[in-house]
Amino acid sequence: MTAKSAAAAARATVYGYPRQGPTRELKKATEGYWKGRVTADALRATAAELRRSTWRQLAEAGIHEVPTGDFSYYDHVLDTTVMVGAVPERHRAAVDADALDGYFAMARGTQDIAPLEMTKWFDTNYHYLVTELGPDTVFAANSAKQVGELREALALGVAARPVLVGPVTYLLLAKSAPGVPAGFDPLTLLDRLLPVYAEILADLRAAGAEWVQLDEPALVQDRTPAELAAVARAYRELGARTDRPKLLVASYFDRLGEALPVLAKAPVEGLALDFTGAAAANLDALAAVGGLPGKRLIAGVVNGRNIWVNDLTASLTTLGTLLGLADRVDVAASCSLLHVPLDTAAERDIAPQILRWLAFAKQKTAEIVTLARGLAQGPDTIAAELAANRADLASRASSPITRDPAVRARCAAVTPADARRRQPYAERSAAQRAYLRLPLLPTTTIGSFPQTGELRAARADLRAGRIDTAGYEERVRAEIREVVAFQEKAGLDVLVHGEPERDDMVQYFAEQLTGYLATRHGWVQSYGTRYVRPPVLAGDISRPGPMTVRWTSYALSLTDRPVKGMLTGPVTMLAWSFVRDDQPLGDTARQVALALRDEVNDLETAGTSVIQVDEPALRETLPLRAADRAGYLAWATEAFRLTTGGVRPETQIHTHMCYAEFGDIVRAIDDLDADVISLEAARSHMQVARELAAHGYPREAGPGVYDIHSPRVPSPAEAAGLVRTGLRAIPAERLWVNPDCGLKTRGWPEVRASLENLVAAARSVRAEL
């Protein structure tokens, strides 16, 4: 096909779409089902209507081929586990008894059975459930969900393309099941898994699928020759089948690198590649391998992970360059639109001119359709859209919101000494022990306590004008009194104020910093039914005044025990926001760090002797390619130290991280120079404690003993067992006892019981010592 005919054939598509519905209908129905207020049939009906509504909207917007199979009640990797029959043995009875309840048991656990481990989906803030495999794993095809959803879409009269997690990525993301000997590599199961995929592909073809998309984002990471050989073998075997649909292999989040020539030669009919950000290198790489003659290329030129409007002219230029490199060039976002909110039209509090700078899923869909039309019919057919887009881009670039000379001058004046504590850790540790006088195995929590219905109602009443600020703040003070009293009674050693004033750990601060925009309806799925509203980093950042000091000071006035000041760190403020794309991330991180440094210093001045600066996103933001990591970690760790570097030696600095693979960043954790770090560890059976020990981590650490993402209450014996496991890696004088993460999403009954058991476990092990 010539470049001209490839352009004429250009069509618009997407890889996936937000699942929750305009008002988070799926969240409400699912949580209602868990609480017994919604039946299984009603939950399924809600899900089916959300799918149908999404497909209709996409088709009406001009999307030529809608995705199916991307919908999930909880997580698409868990859906894949069900699809290939890799249900862990401990969950099999529950799944056999009731497929839906068993599915949620794998995700959330039960009182008697632990859930699957949870971690971050590559470098996003989406969490997936980690597959557990072993040499005895037996796979079995179960295509009911994928076939059923395809048939639902086809029944609406829309062209549909099922989307599956690819077999290589599925195995590369898996881990060894409990009890499997060390050294087992899940990728050795590939030959056992491929016939199952082949059967599912045949089922989808029989159900009417012309194309099936196999997502292989793991291939944008550094891969070994053996792993690349497995990729070639997988697609050689699947491509050789005669009973299959056409295969589209999709990668995203970065450049494909050494996997590109492997896939270019594979007997598949199409590739979908990311061409945004660092992944723009895919363009030259594609030319270097001679393009994709005879294949379809889906070009991800609209950023599917950020919310700024696309530069349509630049994207159209990229698309034009791609013509001639493939038999057919179609247009898409860089990845699934799962990672952005639904629609900017719901945002009433953002100025209309600024709103024109933003594109959520609906607006990105329109951009994709516009670009496909411009590619197929020529730029003149979209001249009006191009002109409006250029005006929006110019408006943002020249806006005074984006630049603050005072902020930039302060950043330029920072010296290396500003990002270092004045005393080495050994001196600080001695000063803190003398000042705080904590017992062995001190107990604490990560920061937040349950956000009760009363708190949410008070927040809603304040927004609606039903109560005034004084009434709301009295409700917050009452909650702090209750939280402090409970912690004292339970016997915790270092308390928190519970964060009742905070709806979200990033948005709370963003709303008090200049340069940020907050949305009202910009919900994005984090995991399961947990949705967050990432704020928008639109301009230079500064702090007009204290943000947390009065609430922490109030809690301090209620007790003689230490109370932690609680802040969200600069890297997490970036990672869980939609960041500006007009300057390096390190520059933005430095601005946020300086604003937080002022808050840390004010907390210390107010008498706070323990200050926690949470950085749960440090690992998730780690670049996917090893060559890019040193630069990122340099500015990320500097930003943390810049935040905390101005305090006295006796002030103890904590940090917290959760739900990520920490082995890759243990050295960076050390470089943070925090006095204490708490980390998720309950689901991974204290793996991180072993990683810290292997690195020789010299500071105090609290690997979690209570999995807060499950409703089950750990017994004192279970928690004590985890503490003893931690002690095998971390000396008692440096080991803390705490939950995995904050308690905001849990209910008070389980929190009370779990923390009382946690304290009992710490005391029993302390007595043994």
# chains A, B, ... in the order shown; residues from 1 in each chain; ligands from 1

$ residues_around --residues "Pro716 of chain A" --least-positions-apart "3" --cutoff "9 Å" --atoms "only C-alpha atoms" --output "PDB file with C-alpha atoms, in the first residue's frame"
ATOM      1  CA  ALA A 719       1.116 -10.004  63.363  1.00  0.00           C
ATOM      2  CA  ALA A 720       3.686 -11.304  65.854  1.00  0.00           C
ATOM      3  CA  GLY A 721       4.833 -13.852  63.284  1.00  0.00           C
ATOM      4  CA  SER A 754      -6.417  -4.712  64.005  1.00  0.00           C
ATOM      5  CA  GLU A 756      -5.157  -3.550  69.219  1.00  0.00           C
ATOM      6  CA  ASN A 757      -3.828  -6.846  67.836  1.00  0.00           C
ATOM      7  CA  LEU A 758      -0.825  -5.037  66.348  1.00  0.00           C
ATOM      8  CA  VAL A 759       0.063  -3.512  69.729  1.00  0.00           C
ATOM      9  CA  ALA A 760      -0.440  -6.857  71.453  1.00  0.00           C
ATOM     10  CA  ALA A 761       1.882  -8.504  68.926  1.00  0.00           C
ATOM     11  CA  ALA A 762       4.574  -5.869  69.443  1.00  0.00           C
ATOM     12  CA  SER A 764       4.554 -10.025  73.104  1.00  0.00           C
TER      13      SER A 764
END

$ residues_around --residues "segment 547-556 of chain A" --least-positions-apart "3" --cutoff "8 Å" --atoms "only C-alpha atoms" --output "VMD selection string"
chain A and resid 477 480 to 481 484 496 to 497 509 512 559 to 566 599 602 to 603 606 to 608

$ select_by_dssp --residues "segment 387-583 of chain A" --states "strand (DSSP E or B)" --output "MDAnalysis selection string"
chainID A and resid 443:444 448 494:495 498 514:517 524:527 530:532 536:542 563:568 578

$ closest_residue --among "A:Val592, A:Met686, A:Ala250, A:Ala351" --to "Pro570 of chain A" --atoms "only C-alpha atoms"
A:Val592

$ atom_distance --atom1 "atom CA of Ala674 of chain A" --atom2 "atom CA of Val494 of chain A"
16.7 Å

$ atom_distance --atom1 "atom CA of Pro22 of chain A" --atom2 "atom CA of Leu337 of chain A"
14.3 Å

$ closest_atom_pairs --of "segment 104-192 of chain A" --to "segment 613-632 of chain A" --cutoff "12 Å" --atoms "only C-alpha atoms" --output "JSON lines"
{"residue": "A:Thr119", "atom": "CA", "partner": "A:Glu620", "partner_atom": "CA", "distance": 9.1}
{"residue": "A:Lys120", "atom": "CA", "partner": "A:Glu620", "partner_atom": "CA", "distance": 6.4}
{"residue": "A:Trp121", "atom": "CA", "partner": "A:Glu620", "partner_atom": "CA", "distance": 8.2}
{"residue": "A:Phe122", "atom": "CA", "partner": "A:Glu620", "partner_atom": "CA", "distance": 6.9}
{"residue": "A:Asp123", "atom": "CA", "partner": "A:Glu620", "partner_atom": "CA", "distance": 4.6}
{"residue": "A:Thr124", "atom": "CA", "partner": "A:Glu620", "partner_atom": "CA", "distance": 6.3}
{"residue": "A:Asn125", "atom": "CA", "partner": "A:Glu620", "partner_atom": "CA", "distance": 7.0}
{"residue": "A:Tyr126", "atom": "CA", "partner": "A:Glu620", "partner_atom": "CA", "distance": 9.5}
{"residue": "A:His127", "atom": "CA", "partner": "A:Glu620", "partner_atom": "CA", "distance": 10.1}

$ residues_around --residues "Arg233 of chain A" --least-positions-apart "5" --cutoff "12 Å" --atoms "only C-alpha atoms" --output "PyMOL selection string"
chain A and resi 167-168+187+190-191+194+226-228+238-240+262-263+265-267

$ select_by_dssp --residues "segment 506-639 of chain A" --states "helix (DSSP H, G or I)" --output "ChimeraX atom specification"
/A:507-510,549-556,570-575,585-605,626-639

$ atom_distance --atom1 "atom CA of Val610 of chain A" --atom2 "atom CA of Ile653 of chain A"
6.0 Å

$ closest_residue --among "A:Ala464, A:Ala59, A:Val666, A:Val340" --to "His521 of chain A" --atoms "only C-alpha atoms"
A:Val340

$ residues_around --residues "segment 466-475 of chain A" --least-positions-apart "4" --cutoff "12 Å" --atoms "only C-alpha atoms" --output "ChimeraX atom specification"
/A:452,454-462,479-482,500-502,550-551,554

$ residues_around --residues "Asp243 of chain A" --least-positions-apart "4" --cutoff "9 Å" --atoms "only C-alpha atoms" --output "PyMOL selection string"
chain A and resi 198-199+201-203+205-206

$ write_last_selection --atoms "N, CA and C atoms" --output "mmCIF file, in the first residue's frame"
data_model
loop_
_atom_site.group_PDB
_atom_site.id
_atom_site.type_symbol
_atom_site.label_atom_id
_atom_site.label_comp_id
_atom_site.auth_asym_id
_atom_site.auth_seq_id
_atom_site.Cartn_x
_atom_site.Cartn_y
_atom_site.Cartn_z
ATOM 1 N N ALA A 198 -4.191 -19.592 22.578
ATOM 2 C CA ALA A 198 -4.654 -19.978 21.238
ATOM 3 C C ALA A 198 -6.122 -20.382 21.271
ATOM 4 N N GLU A 199 -6.533 -21.096 22.296
ATOM 5 C CA GLU A 199 -7.933 -21.502 22.419
ATOM 6 C C GLU A 199 -8.845 -20.284 22.619
ATOM 7 N N LEU A 201 -8.220 -17.186 21.654
ATOM 8 C CA LEU A 201 -8.254 -16.453 20.389
ATOM 9 C C LEU A 201 -9.212 -17.118 19.402
ATOM 10 N N ALA A 202 -9.200 -18.434 19.363
ATOM 11 C CA ALA A 202 -10.127 -19.142 18.477
ATOM 12 C C ALA A 202 -11.577 -18.901 18.897
ATOM 13 N N ASP A 203 -11.819 -18.877 20.205
ATOM 14 C CA ASP A 203 -13.179 -18.595 20.697
ATOM 15 C C ASP A 203 -13.618 -17.194 20.278
ATOM 16 N N ARG A 205 -12.523 -15.443 17.694
ATOM 17 C CA ARG A 205 -12.784 -15.407 16.253
ATOM 18 C C ARG A 205 -14.151 -16.007 15.952
ATOM 19 N N ALA A 206 -14.456 -17.121 16.598
ATOM 20 C CA ALA A 206 -15.761 -17.759 16.368
ATOM 21 C C ALA A 206 -16.904 -16.851 16.787
#

$ residues_around --residues "segment 14-16 of chain A" --least-positions-apart "6" --cutoff "8 Å" --atoms "only C-alpha atoms" --output "list in words"
Ile63, Glu65, Val66, Pro67, Thr68, Asp70, Val163, Ala332, Ala333, Cys335, Ser336, Leu337, Leu338 and Thr365 of chain A

$ residues_around --residues "Ala412 of chain A" --least-positions-apart "3" --cutoff "12 Å" --atoms "only C-alpha atoms" --output "JSON, numbers by chain"
{"A": [405, 406, 407, 408, 409, 415, 416, 587, 590, 591, 594]}

$ closest_residue --among "A:Tyr128, A:Tyr235, A:Tyr252, A:Trp357" --to "Ser334 of chain A" --atoms "only C-alpha atoms"
A:Tyr252
